[in-house]
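K.L.:
This is entry-v9.cif, which holds mmCIF, C-alpha atoms and all ligand atoms:
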data_query
loop_
_atom_site.group_PDB
_atom_site.id
_atom_site.type_symbol
_atom_site.label_atom_id
_atom_site.label_comp_id
_atom_site.auth_asym_id
_atom_site.auth_seq_id
_atom_site.Cartn_x
_atom_site.Cartn_y
_atom_site.Cartn_z
ATOM 1 C CA ALA A 1 51.275 83.437 121.676
ATOM 2 C CA LYS A 2 47.655 83.983 122.582
ATOM 3 C CA ALA A 3 47.188 80.289 123.306
ATOM 4 C CA ALA A 4 50.330 80.241 125.435
ATOM 5 C CA GLY A 5 48.994 83.237 127.373
ATOM 6 C CA ARG A 6 45.726 81.447 128.005
ATOM 7 C CA ARG A 7 47.593 78.382 129.105
ATOM 8 C CA GLN A 8 49.644 80.460 131.531
ATOM 9 C CA VAL A 9 46.546 82.088 132.948
ATOM 10 C CA ARG A 10 44.977 78.691 133.384
ATOM 11 C CA THR A 11 48.076 77.329 135.167
ATOM 12 C CA PHE A 12 48.215 80.381 137.392
ATOM 13 C CA SER A 13 44.578 80.175 138.361
ATOM 14 C CA ALA A 14 44.884 76.437 138.936
ATOM 15 C CA ALA A 15 47.726 77.169 141.359
ATOM 16 C CA MET A 16 45.589 79.842 143.015
ATOM 17 C CA ASP A 17 42.727 77.394 143.325
ATOM 18 C CA ALA A 18 45.008 74.827 144.883
ATOM 19 C CA ALA A 19 46.380 77.367 147.357
ATOM 20 C CA LEU A 20 42.916 78.603 148.279
ATOM 21 C CA GLY A 21 41.707 75.033 148.617
ATOM 22 C CA GLU A 22 44.571 74.243 150.953
ATOM 23 C CA GLN A 23 43.866 77.369 152.970
ATOM 24 C CA ARG A 24 40.232 76.392 153.326
ATOM 25 C CA ARG A 25 41.141 72.840 154.311
ATOM 26 C CA LEU A 26 43.491 74.197 156.958
ATOM 27 C CA GLU A 27 40.727 76.437 158.292
ATOM 28 C CA GLN A 28 38.344 73.492 158.440
ATOM 29 C CA ASP A 29 40.951 71.354 160.203
ATOM 30 C CA VAL A 30 41.495 74.093 162.788
ATOM 31 C CA GLN A 31 37.749 74.287 163.376
ATOM 32 C CA LYS A 32 37.603 70.538 163.882
ATOM 33 C CA ALA A 33 40.625 70.526 166.165
ATOM 34 C CA LEU A 34 39.058 73.211 168.326
ATOM 35 C CA ALA A 35 35.773 71.314 168.530
ATOM 36 C CA GLU A 36 37.572 68.072 169.397
ATOM 37 C CA GLY A 37 39.898 69.684 171.947
ATOM 38 C CA ALA A 38 42.949 68.678 169.899
ATOM 39 C CA PHE A 39 44.954 71.760 170.847
ATOM 40 C CA HIS A 40 47.187 71.590 173.849
ATOM 41 C CA PHE A 41 49.814 73.736 175.500
ATOM 42 C CA ALA A 42 53.509 73.591 176.033
ATOM 43 C CA TYR A 43 54.649 75.604 179.041
ATOM 44 C CA GLN A 44 57.922 77.473 178.920
ATOM 45 C CA PRO A 45 59.517 78.425 182.247
ATOM 46 C CA LYS A 46 60.763 81.895 183.132
ATOM 47 C CA PHE A 47 63.564 82.477 185.615
ATOM 48 C CA ARG A 48 64.890 85.405 187.600
ATOM 49 C CA VAL A 49 68.108 86.546 185.960
ATOM 50 C CA SER A 50 69.765 87.447 189.276
ATOM 51 C CA ASP A 51 69.629 84.034 190.983
ATOM 52 C CA LEU A 52 67.887 81.766 188.428
ATOM 53 C CA GLY A 53 64.895 81.302 190.733
ATOM 54 C CA PHE A 54 61.733 79.982 189.063
ATOM 55 C CA ALA A 55 59.478 82.862 188.019
ATOM 56 C CA GLY A 56 56.439 81.352 186.272
ATOM 57 C CA CYS A 57 55.675 80.231 182.752
ATOM 58 C CA GLU A 58 54.172 81.119 179.393
ATOM 59 C CA ALA A 59 51.486 78.887 177.845
ATOM 60 C CA LEU A 60 52.171 78.270 174.146
ATOM 61 C CA LEU A 61 49.557 76.625 171.930
ATOM 62 C CA ARG A 62 50.453 73.391 170.175
ATOM 63 C CA TRP A 63 48.646 71.433 167.511
ATOM 64 C CA ASP A 64 49.784 67.983 166.454
ATOM 65 C CA HIS A 65 47.750 67.109 163.402
ATOM 66 C CA ARG A 66 47.425 63.432 162.524
ATOM 67 C CA LEU A 67 48.508 64.036 158.931
ATOM 68 C CA ARG A 68 50.122 67.436 158.963
ATOM 69 C CA GLY A 69 52.319 66.753 162.000
ATOM 70 C CA ALA A 70 53.154 69.611 164.359
ATOM 71 C CA VAL A 71 51.668 72.763 162.843
ATOM 72 C CA PRO A 72 53.376 75.959 164.107
ATOM 73 C CA PRO A 73 51.153 78.501 165.910
ATOM 74 C CA GLY A 74 52.298 81.105 163.388
ATOM 75 C CA VAL A 75 50.392 79.073 160.774
ATOM 76 C CA PHE A 76 47.299 77.798 162.544
ATOM 77 C CA ILE A 77 46.472 80.909 164.588
ATOM 78 C CA PRO A 78 46.099 83.132 161.503
ATOM 79 C CA ALA A 79 44.095 80.322 159.860
ATOM 80 C CA ALA A 80 41.817 80.196 162.891
ATOM 81 C CA GLU A 81 41.322 83.944 162.705
ATOM 82 C CA ARG A 82 40.503 83.809 158.991
ATOM 83 C CA ALA A 83 37.922 81.157 159.779
ATOM 84 C CA GLY A 84 36.320 83.495 162.326
ATOM 85 C CA LEU A 85 37.529 81.384 165.245
ATOM 86 C CA SER A 86 39.541 84.005 167.053
ATOM 87 C CA VAL A 87 37.113 84.275 169.975
ATOM 88 C CA PRO A 88 36.580 80.517 170.474
ATOM 89 C CA LEU A 89 40.356 80.016 170.290
ATOM 90 C CA ALA A 90 41.012 82.713 172.886
ATOM 91 C CA ARG A 91 38.294 81.259 175.105
ATOM 92 C CA HIS A 92 39.845 77.812 174.828
ATOM 93 C CA THR A 93 43.291 79.229 175.583
ATOM 94 C CA LEU A 94 42.175 81.055 178.723
ATOM 95 C CA HIS A 95 40.118 78.197 180.132
ATOM 96 C CA ALA A 96 42.756 75.566 179.427
ATOM 97 C CA ALA A 97 45.585 77.602 180.944
ATOM 98 C CA LEU A 98 43.575 78.473 184.051
ATOM 99 C CA ARG A 99 42.466 74.862 184.433
ATOM 100 C CA GLN A 100 46.086 73.719 184.292
ATOM 101 C CA GLN A 101 47.026 76.329 186.844
ATOM 102 C CA ALA A 102 44.242 75.101 189.147
ATOM 103 C CA ALA A 103 45.482 71.517 188.731
ATOM 104 C CA TRP A 104 48.957 72.632 189.785
ATOM 105 C CA ARG A 105 47.490 74.529 192.711
ATOM 106 C CA ALA A 106 45.672 71.372 193.792
ATOM 107 C CA GLN A 107 49.142 69.764 193.986
ATOM 108 C CA ASP A 108 50.270 72.707 196.101
ATOM 109 C CA ILE A 109 52.275 74.344 193.352
ATOM 110 C CA ASP A 110 51.462 77.960 192.697
ATOM 111 C CA ILE A 111 52.711 78.843 189.215
ATOM 112 C CA ALA A 112 52.057 82.186 187.529
ATOM 113 C CA VAL A 113 50.888 81.631 183.941
ATOM 114 C CA ALA A 114 51.106 84.014 181.000
ATOM 115 C CA VAL A 115 48.818 83.566 177.983
ATOM 116 C CA ASN A 116 48.910 85.262 174.599
ATOM 117 C CA LEU A 117 45.873 87.080 173.257
ATOM 118 C CA SER A 118 45.947 88.233 169.668
ATOM 119 C CA ALA A 119 45.545 91.869 168.738
ATOM 120 C CA ARG A 120 42.413 91.074 166.789
ATOM 121 C CA HIS A 121 40.923 89.608 169.883
ATOM 122 C CA ILE A 122 41.829 92.480 172.199
ATOM 123 C CA VAL A 123 40.134 95.059 169.993
ATOM 124 C CA SER A 124 37.086 92.848 169.357
ATOM 125 C CA GLY A 125 35.391 94.184 172.479
ATOM 126 C CA GLN A 126 34.900 90.732 173.967
ATOM 127 C CA ALA A 127 38.231 90.224 175.670
ATOM 128 C CA VAL A 128 37.242 91.577 179.079
ATOM 129 C CA GLU A 129 34.137 89.438 179.304
ATOM 130 C CA LEU A 130 36.059 86.364 178.150
ATOM 131 C CA VAL A 131 38.782 86.825 180.753
ATOM 132 C CA ARG A 132 36.279 87.543 183.523
ATOM 133 C CA ASP A 133 34.177 84.482 182.617
ATOM 134 C CA ALA A 134 37.236 82.230 182.403
ATOM 135 C CA LEU A 135 38.536 83.397 185.796
ATOM 136 C CA GLU A 136 35.146 82.771 187.315
ATOM 137 C CA ALA A 137 34.549 79.369 185.701
ATOM 138 C CA GLU A 138 38.030 78.043 186.511
ATOM 139 C CA ASN A 139 38.369 79.620 189.971
ATOM 140 C CA GLY A 140 41.319 81.614 188.707
ATOM 141 C CA VAL A 141 43.431 84.003 190.742
ATOM 142 C CA PRO A 142 43.656 87.190 188.644
ATOM 143 C CA GLU A 143 47.035 88.242 190.070
ATOM 144 C CA ARG A 144 48.551 84.937 188.888
ATOM 145 C CA LEU A 145 47.361 85.382 185.308
ATOM 146 C CA GLU A 146 49.366 87.477 182.903
ATOM 147 C CA ILE A 147 48.077 88.504 179.504
ATOM 148 C CA GLU A 148 50.612 89.117 176.763
ATOM 149 C CA VAL A 149 49.689 91.417 173.908
ATOM 150 C CA THR A 150 51.821 92.584 171.010
ATOM 151 C CA GLU A 151 52.181 96.111 169.781
ATOM 152 C CA ASP A 152 50.034 95.570 166.703
ATOM 153 C CA VAL A 153 47.079 95.765 169.036
ATOM 154 C CA PHE A 154 47.552 99.542 169.015
ATOM 155 C CA ILE A 155 47.935 99.851 165.291
ATOM 156 C CA ARG A 156 44.542 98.281 164.715
ATOM 157 C CA ASP A 157 42.570 100.537 167.017
ATOM 158 C CA PRO A 158 44.503 102.454 169.689
ATOM 159 C CA GLY A 159 41.423 103.733 171.505
ATOM 160 C CA ALA A 160 39.727 100.350 171.776
ATOM 161 C CA ALA A 161 42.992 98.700 172.780
ATOM 162 C CA ALA A 162 43.631 101.221 175.547
ATOM 163 C CA SER A 163 40.181 100.896 177.070
ATOM 164 C CA THR A 164 40.231 97.096 176.863
ATOM 165 C CA LEU A 165 43.629 96.941 178.538
ATOM 166 C CA GLU A 166 42.495 99.325 181.279
ATOM 167 C CA ALA A 167 39.449 97.147 181.895
ATOM 168 C CA LEU A 168 41.604 94.003 182.010
ATOM 169 C CA ARG A 169 43.800 95.667 184.614
ATOM 170 C CA GLY A 170 40.640 96.414 186.523
ATOM 171 C CA LEU A 171 40.061 92.660 186.805
ATOM 172 C CA GLY A 172 43.414 92.392 188.558
ATOM 173 C CA VAL A 173 45.267 90.464 185.856
ATOM 174 C CA ARG A 174 48.793 91.476 184.874
ATOM 175 C CA LEU A 175 49.559 92.907 181.464
ATOM 176 C CA ALA A 176 52.676 92.252 179.440
ATOM 177 C CA LEU A 177 53.750 94.057 176.279
ATOM 178 C CA ASP A 178 55.115 91.233 174.104
ATOM 179 C CA ASP A 179 57.897 91.359 171.500
ATOM 180 C CA PHE A 180 58.875 94.826 172.686
ATOM 181 C CA GLY A 181 61.024 96.805 170.301
ATOM 182 C CA THR A 182 59.847 95.227 167.070
ATOM 183 C CA GLY A 183 56.966 97.621 166.434
ATOM 184 C CA TYR A 184 57.589 101.123 165.244
ATOM 185 C CA ALA A 185 56.138 103.315 167.966
ATOM 186 C CA SER A 186 56.850 101.313 171.088
ATOM 187 C CA LEU A 187 57.612 104.240 173.363
ATOM 188 C CA GLY A 188 54.361 105.972 172.520
ATOM 189 C CA TYR A 189 52.410 103.024 173.886
ATOM 190 C CA LEU A 190 54.376 102.996 177.092
ATOM 191 C CA GLN A 191 53.438 106.612 177.556
ATOM 192 C CA GLN A 192 49.761 105.723 177.558
ATOM 193 C CA LEU A 193 49.487 102.282 179.075
ATOM 194 C CA PRO A 194 50.473 100.823 182.402
ATOM 195 C CA PHE A 195 52.111 97.500 181.593
ATOM 196 C CA ASP A 196 53.341 95.349 184.473
ATOM 197 C CA VAL A 197 55.831 93.552 182.269
ATOM 198 C CA ILE A 198 57.765 94.406 179.137
ATOM 199 C CA LYS A 199 59.018 91.439 177.137
ATOM 200 C CA LEU A 200 62.121 92.302 175.199
ATOM 201 C CA ASP A 201 62.018 90.725 171.753
ATOM 202 C CA ARG A 202 64.565 88.040 171.141
ATOM 203 C CA SER A 203 66.111 89.950 168.227
ATOM 204 C CA PHE A 204 67.705 92.237 170.875
ATOM 205 C CA VAL A 205 68.781 89.351 173.069
ATOM 206 C CA ALA A 206 70.512 87.834 170.040
ATOM 207 C CA GLY A 207 72.824 90.867 169.862
ATOM 208 C CA LEU A 208 74.020 90.618 173.472
ATOM 209 C CA GLY A 209 77.700 89.713 173.576
ATOM 210 C CA THR A 210 78.195 90.565 169.908
ATOM 211 C CA SER A 211 76.952 94.123 169.434
ATOM 212 C CA THR A 212 77.804 97.014 171.745
ATOM 213 C CA ARG A 213 75.030 99.058 170.191
ATOM 214 C CA THR A 214 72.471 96.402 171.051
ATOM 215 C CA GLU A 215 73.797 96.170 174.595
ATOM 216 C CA ARG A 216 73.378 99.918 175.045
ATOM 217 C CA ILE A 217 69.828 99.730 173.739
ATOM 218 C CA VAL A 218 68.938 96.853 176.051
ATOM 219 C CA ASP A 219 70.474 98.761 178.939
ATOM 220 C CA ALA A 220 68.340 101.813 178.110
ATOM 221 C CA ILE A 221 65.172 99.729 177.716
ATOM 222 C CA THR A 222 65.807 98.163 181.123
ATOM 223 C CA ARG A 223 66.012 101.630 182.689
ATOM 224 C CA ILE A 224 62.824 102.701 180.959
ATOM 225 C CA ALA A 225 60.980 99.597 182.173
ATOM 226 C CA HIS A 226 62.179 100.105 185.730
ATOM 227 C CA GLY A 227 61.416 103.813 185.605
ATOM 228 C CA LEU A 228 57.839 102.900 184.759
ATOM 229 C CA GLY A 229 57.624 100.324 187.527
ATOM 230 C CA ALA A 230 57.551 97.419 185.058
ATOM 231 C CA LYS A 231 59.599 94.242 185.031
ATOM 232 C CA LEU A 232 61.763 93.511 182.018
ATOM 233 C CA VAL A 233 61.654 89.930 180.738
ATOM 234 C CA ALA A 234 64.113 88.884 178.040
ATOM 235 C CA GLU A 235 62.928 86.249 175.563
ATOM 236 C CA GLY A 236 65.048 83.954 173.456
ATOM 237 C CA VAL A 237 67.953 83.572 175.890
ATOM 238 C CA GLU A 238 70.017 80.924 174.146
ATOM 239 C CA ASN A 239 73.533 81.101 175.567
ATOM 240 C CA PRO A 240 75.414 81.885 178.789
ATOM 241 C CA VAL A 241 76.972 85.061 177.397
ATOM 242 C CA GLN A 242 73.516 86.553 176.793
ATOM 243 C CA LEU A 243 72.475 85.581 180.297
ATOM 244 C CA ALA A 244 75.602 87.136 181.805
ATOM 245 C CA ARG A 245 75.008 90.405 179.930
ATOM 246 C CA LEU A 246 71.378 90.474 181.055
ATOM 247 C CA ARG A 247 72.559 90.046 184.637
ATOM 248 C CA GLU A 248 75.035 92.930 184.315
ATOM 249 C CA ILE A 249 72.358 95.114 182.758
ATOM 250 C CA GLY A 250 69.842 94.321 185.499
ATOM 251 C CA CYS A 251 67.139 92.646 183.437
ATOM 252 C CA ASP A 252 64.623 90.953 185.772
ATOM 253 C CA GLU A 253 63.666 87.675 184.130
ATOM 254 C CA GLY A 254 64.721 85.479 181.244
ATOM 255 C CA GLN A 255 63.048 82.893 179.062
ATOM 256 C CA GLY A 256 64.672 80.821 176.358
ATOM 257 C CA TYR A 257 66.186 77.544 175.257
ATOM 258 C CA LEU A 258 69.208 77.974 177.548
ATOM 259 C CA LEU A 259 66.937 78.075 180.591
ATOM 260 C CA GLY A 260 64.120 75.767 179.512
ATOM 261 C CA ARG A 261 62.233 74.762 176.372
ATOM 262 C CA PRO A 262 58.453 74.756 176.183
ATOM 263 C CA MET A 263 57.439 71.491 177.897
ATOM 264 C CA ALA A 264 54.536 69.325 179.041
ATOM 265 C CA PRO A 265 52.695 70.422 182.196
ATOM 266 C CA GLU A 266 54.064 67.518 184.276
ATOM 267 C CA ALA A 267 57.621 68.446 183.351
ATOM 268 C CA LEU A 268 56.991 72.065 184.231
ATOM 269 C CA SER A 269 55.562 71.302 187.660
ATOM 270 C CA ALA A 270 58.476 68.949 188.346
ATOM 271 C CA LEU A 271 60.840 71.759 187.396
ATOM 272 C CA ALA A 272 59.004 74.216 189.638
ATOM 273 C CA ARG A 273 59.201 71.715 192.516
ATOM 274 C CA SER A 274 62.909 71.164 191.986
ATOM 275 C CA HIS A 275 63.300 74.925 192.416
ATOM 276 C CA GLY A 276 61.656 74.729 195.792
ATOM 277 C CA LEU A 277 58.214 75.941 194.774
ATOM 278 C CA ALA A 278 55.768 74.145 197.055
HETATM 279 P P1 LIG A 301 55.773 84.545 171.374
HETATM 280 O O1 LIG A 301 54.614 84.960 172.209
HETATM 281 O O2 LIG A 301 56.856 85.558 171.160
HETATM 282 O O3 LIG A 301 56.341 83.216 172.044
HETATM 283 C C1 LIG A 301 57.696 82.907 172.130
HETATM 284 C C2 LIG A 301 58.116 81.995 170.998
HETATM 285 O O4 LIG A 301 59.533 81.867 171.022
HETATM 286 C C3 LIG A 301 57.566 80.586 171.139
HETATM 287 O O5 LIG A 301 57.361 80.075 169.832
HETATM 288 C C4 LIG A 301 58.724 79.864 171.821
HETATM 289 O O6 LIG A 301 58.702 78.466 171.616
HETATM 290 C C5 LIG A 301 59.890 80.512 171.121
HETATM 291 N N1 LIG A 301 61.127 80.460 171.909
HETATM 292 C C6 LIG A 301 61.259 80.342 173.246
HETATM 293 N N2 LIG A 301 62.549 80.371 173.618
HETATM 294 C C7 LIG A 301 63.276 80.504 172.484
HETATM 295 C C8 LIG A 301 64.692 80.600 172.217
HETATM 296 O O7 LIG A 301 65.539 80.555 173.084
HETATM 297 N N3 LIG A 301 65.053 80.748 170.908
HETATM 298 C C9 LIG A 301 64.134 80.798 169.905
HETATM 299 N N4 LIG A 301 64.590 80.937 168.657
HETATM 300 N N5 LIG A 301 62.794 80.727 170.122
HETATM 301 C C10 LIG A 301 62.370 80.581 171.397
HETATM 302 P P2 LIG A 301 56.036 79.324 169.417
HETATM 303 O O8 LIG A 301 55.582 78.463 170.552
HETATM 304 O O9 LIG A 301 56.292 78.710 168.097
HETATM 305 O O10 LIG A 301 54.982 80.476 169.283
HETATM 306 C C11 LIG A 301 55.094 81.428 168.263
HETATM 307 C C12 LIG A 301 54.113 82.555 168.456
HETATM 308 O O11 LIG A 301 52.764 82.074 168.317
HETATM 309 C C13 LIG A 301 54.171 83.169 169.844
HETATM 310 O O12 LIG A 301 55.247 84.060 169.915
HETATM 311 C C14 LIG A 301 52.822 83.838 169.896
HETATM 312 O O13 LIG A 301 52.845 85.070 169.234
HETATM 313 C C15 LIG A 301 51.943 82.874 169.126
HETATM 314 N N6 LIG A 301 51.197 82.053 170.092
HETATM 315 C C16 LIG A 301 51.565 80.944 170.763
HETATM 316 N N7 LIG A 301 50.574 80.498 171.571
HETATM 317 C C17 LIG A 301 49.544 81.363 171.399
HETATM 318 C C18 LIG A 301 48.219 81.469 171.957
HETATM 319 O O14 LIG A 301 47.778 80.698 172.819
HETATM 320 N N8 LIG A 301 47.436 82.509 171.503
HETATM 321 C C19 LIG A 301 47.893 83.416 170.594
HETATM 322 N N9 LIG A 301 47.066 84.405 170.209
HETATM 323 N N10 LIG A 301 49.125 83.364 170.082
HETATM 324 C C20 LIG A 301 49.949 82.353 170.471
HETATM 325 CA CA CA A 302 54.251 85.750 174.122
HETATM 326 CA CA CA A 303 57.277 87.271 172.577
HETATM 327 CA CA CA A 304 57.697 86.608 169.100
#
Here is the file; what I need is its structure written in the form of structure tokens.
Ligand code: C2E
Ligand code: CA
Ligand code: CA
Ligand code: CA

P.N.:
Amino acid sequence: AKAAGRRQVRTFSAAMDAALGEQRRLEQDVQKALAEGAFHFAYQPKFRVSDLGFAGCEALLRWDHRLRGAVPPGVFIPAAERAGLSVPLARHTLHAALRQQAAWRAQDIDIAVAVNLSARHIVSGQAVELVRDALEAENGVPERLEIEVTEDVFIRDPGAAASTLEALRGLGVRLALDDFGTGYASLGYLQQLPFDVIKLDRSFVAGLGTSTRTERIVDAITRIAHGLGAKLVAEGVENPVQLARLREIGCDEGQGYLLGRPMAPEALSALARSHGLA
């Protein structure tokens, strides 16, 4: 029995070693990808719910690894952060998105772009400088840049998060509270921080047309957003019934597979053009 126990321990630790090895390899691959500029963005359009007018886009990081294939951001972003690459990744994100926006502007298409910054990054104390430097280096227009942050930013360090977000607003960029409703103290944050946009998590959108309770909640959230002078953007709009409910409720903008998948920059600018932008 003792020998079997030892064998089990050995198997377990071999599995641990393998998992740790894989984690480290992933971290190294992310580092390499960042250095080689192998990350790119897909841009997902947003539309006004009322008349389906084009309303800007969100930049979503993509990584197509030569062996691993398409690695989801939910996997490689945490790996990048474990490898201490959160700041370089955020820097890359901001510069690349602003550069793309400038390229569109050079073609006479003015497209508002939203980028995601991780909670870890916001409380790191470097976010304001990074955003300011990126705007300067890429000739960015602050009012056309939106920064999306999730609620976990406040769990980590509410004080630091609040002062960073205030300072970001001071630069003139717009602030969006992402995945709204999934945290556990959402309303408390709204009390303290002036967000320009609230992004309703897609778990609520999924209940539109099927759950009266969800519809009442979305209706109430819309009123709260409007009462605070913020726009409400619904994410994960996947079918016409959801869109119709959002229109009845008075939600401002929608984003989701029904309206447009994340796409290459050329496809997005063509879409913007077809909507009469520029
Ligand atoms: P998110 O910020 O909530 O982004 C929306 C996610 O929902 C995207 O997944 C998008 O492709 C997906 N989505 C859009 N429409 C629909 C829909 O109709 N149905 C469904 N089921 N999904 C939809 P993606 O691109 O895989 O990104 C996942 C998460 O990774 C993002 O969630 C965001 O938290 C993070 N992320 C992406 N890019 C960046 C980045 O540049 N920096 C940071 N820090 N995080 C990023
Ligand atoms: Ca987002
Ligand atoms: Ca979101
Ligand atoms: Ca999400």

K.L.:
Identify, on the basis of all atoms listed in the file, every residue whose closest approach to segment 17-25 of chain A does not exceed 10 Å; exclude the query and any residue fewer than 5 positions from it along the same chain; express the result as a list of chain:residue names.

P.N.:
A:Thr11, A:Phe12, A:Val30, A:Gln31, A:Ala79, A:Arg82, A:Ala83

K.L.:
Please produce a file of those selected residues containing C-alpha atoms, as a compact mmCIF listing (two decimals), in the frame of the given file.

P.N.:
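After the write, result.txt holds the following:
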# COMPACT_ATOMS: atom_id res chain seq x y z
CA THR A 11 48.08 77.33 135.17
CA PHE A 12 48.22 80.38 137.39
CA VAL A 30 41.50 74.09 162.79
CA GLN A 31 37.75 74.29 163.38
CA ALA A 79 44.10 80.32 159.86
CA ARG A 82 40.50 83.81 158.99
CA ALA A 83 37.92 81.16 159.78

K.L.:
List, as a count of residues only, every residue that the PyMOL selection byres (((not hetatm)) within 8 of (chain A and resi 301)) selects in the file provided.

P.N.:
37

K.L.:
One decimal, in Å: what's the spacing between atom CA of Glu129 of chain A and atom CA of Arg144 of chain A?

P.N.:
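Straight-line distance from atom CA of Glu129 of chain A to atom CA of Arg144 of chain A works out to 17.9 Å.
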
K.L.:
Just to confirm, what's the straight-line distance from atom CA of Leu246 of chain A to atom CA of Arg273 of chain A in Å (one decimal)?

P.N.:
25.1 Å

K.L.:
Extract, using all atoms listed in the file, all DNA, RNA and protein residues at most 6 Å from Ala160 of chain A, discarding same-chain residues fewer than 3 positions from it, and format them as a list in words.

P.N.:
Val123, Asp157 and Ser163 of chain A

K.L.:
Mind dumping the selected residues with C-alpha atoms as an mmCIF file, in the frame of the given file?

P.N.:
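Output file again_34.cif follows:
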data_model
loop_
_atom_site.group_PDB
_atom_site.id
_atom_site.type_symbol
_atom_site.label_atom_id
_atom_site.label_comp_id
_atom_site.auth_asym_id
_atom_site.auth_seq_id
_atom_site.Cartn_x
_atom_site.Cartn_y
_atom_site.Cartn_z
ATOM 1 C CA VAL A 123 40.134 95.059 169.993
ATOM 2 C CA ASP A 157 42.570 100.537 167.017
ATOM 3 C CA SER A 163 40.181 100.896 177.070
#

K.L.:
Using atom CA of Lys46 of chain A and atom CA of Val233 of chain A as the two end points, give the distance in Å to one decimal.

P.N.:
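Those two atoms sit 8.4 Å apart.
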
K.L.:
Measuring atom to atom with all atoms listed in the file, identify which of A:Asp29, A:Glu143, A:Glu138, A:Asp110 is nearest to Leu168 of chain A.

P.N.:
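Of all the options, A:Glu143 lies closest to Leu168 of chain A.
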
K.L.:
At a cut-off of 10 Å, using all atoms listed in the file, what residues contact Glu253 of chain A? Leave out same-chain residues fewer than 5 positions from it and give the result as a list in words.

P.N.:
Lys46, Phe47, Arg48, Val49, Ser50, Asp51, Leu52, Gly53, Phe54, Ala55, Gly56, Val197, Lys199, Lys231, Leu232, Val233, Ala234, Glu235, Leu243, Leu246 and Arg247 of chain A

K.L.:
Give the answer as one residue: which of A:Glu151, A:Glu215, A:Glu248, A:Glu166 has the shortest atom-to-atom distance to ligand CA 303 (chain A), using all atoms listed in the file?

P.N.:
A:Glu151

K.L.:
Between A:Pro78, A:Pro194, A:Gly140, A:Gly209, which has the minimum distance to Leu98 of chain A (counting only C-alpha atoms)?

P.N.:
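Under the stated criterion, the closest residue is A:Gly140.
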
K.L.:
With distances taken over all atoms listed in the file, which of A:Leu85, A:Ala114, A:Leu165, A:Ala270 is nearest to ligand CA 302 (chain A)?

P.N.:
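Among the listed residues, A:Ala114 lies closest to ligand CA 302 (chain A).
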
K.L.:
Contacts of Ile109 of chain A at 9 Å or less, counting all atoms listed in the file, minus same-chain residues fewer than 2 places along, as a list in words?

P.N.:
Gln101, Ala103, Trp104, Arg105, Ala106, Gln107, Ile111, Ser269, Ala272, Arg273, Leu277 and Ala278 of chain A

K.L.:
I need the output of the PyMOL selection byres (((chain A and resi 146) around 6) and not hetatm) for this file as a ChimeraX atom specification; which residues are they?

P.N.:
/A:114,145,147,173-175

K.L.:
As a check of understanding, name the residues that the PyMOL selection byres (((chain A and resi 225) around 12) and not hetatm) selects in the supplied structure, as a PyMOL selection string.

P.N.:
chain A and resi 176-177+180+186-187+190-191+194-200+218-224+226-234+250-252

K.L.:
Nearest residue to ligand CA 303 (chain A) out of A:Gly84, A:Pro240, A:Gly181, A:Gly276, using all atoms listed in the file?

P.N.:
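Going through A:Gly84, A:Pro240, A:Gly181, A:Gly276 one by one, the smallest distance to ligand CA 303 (chain A) is for A:Gly181.
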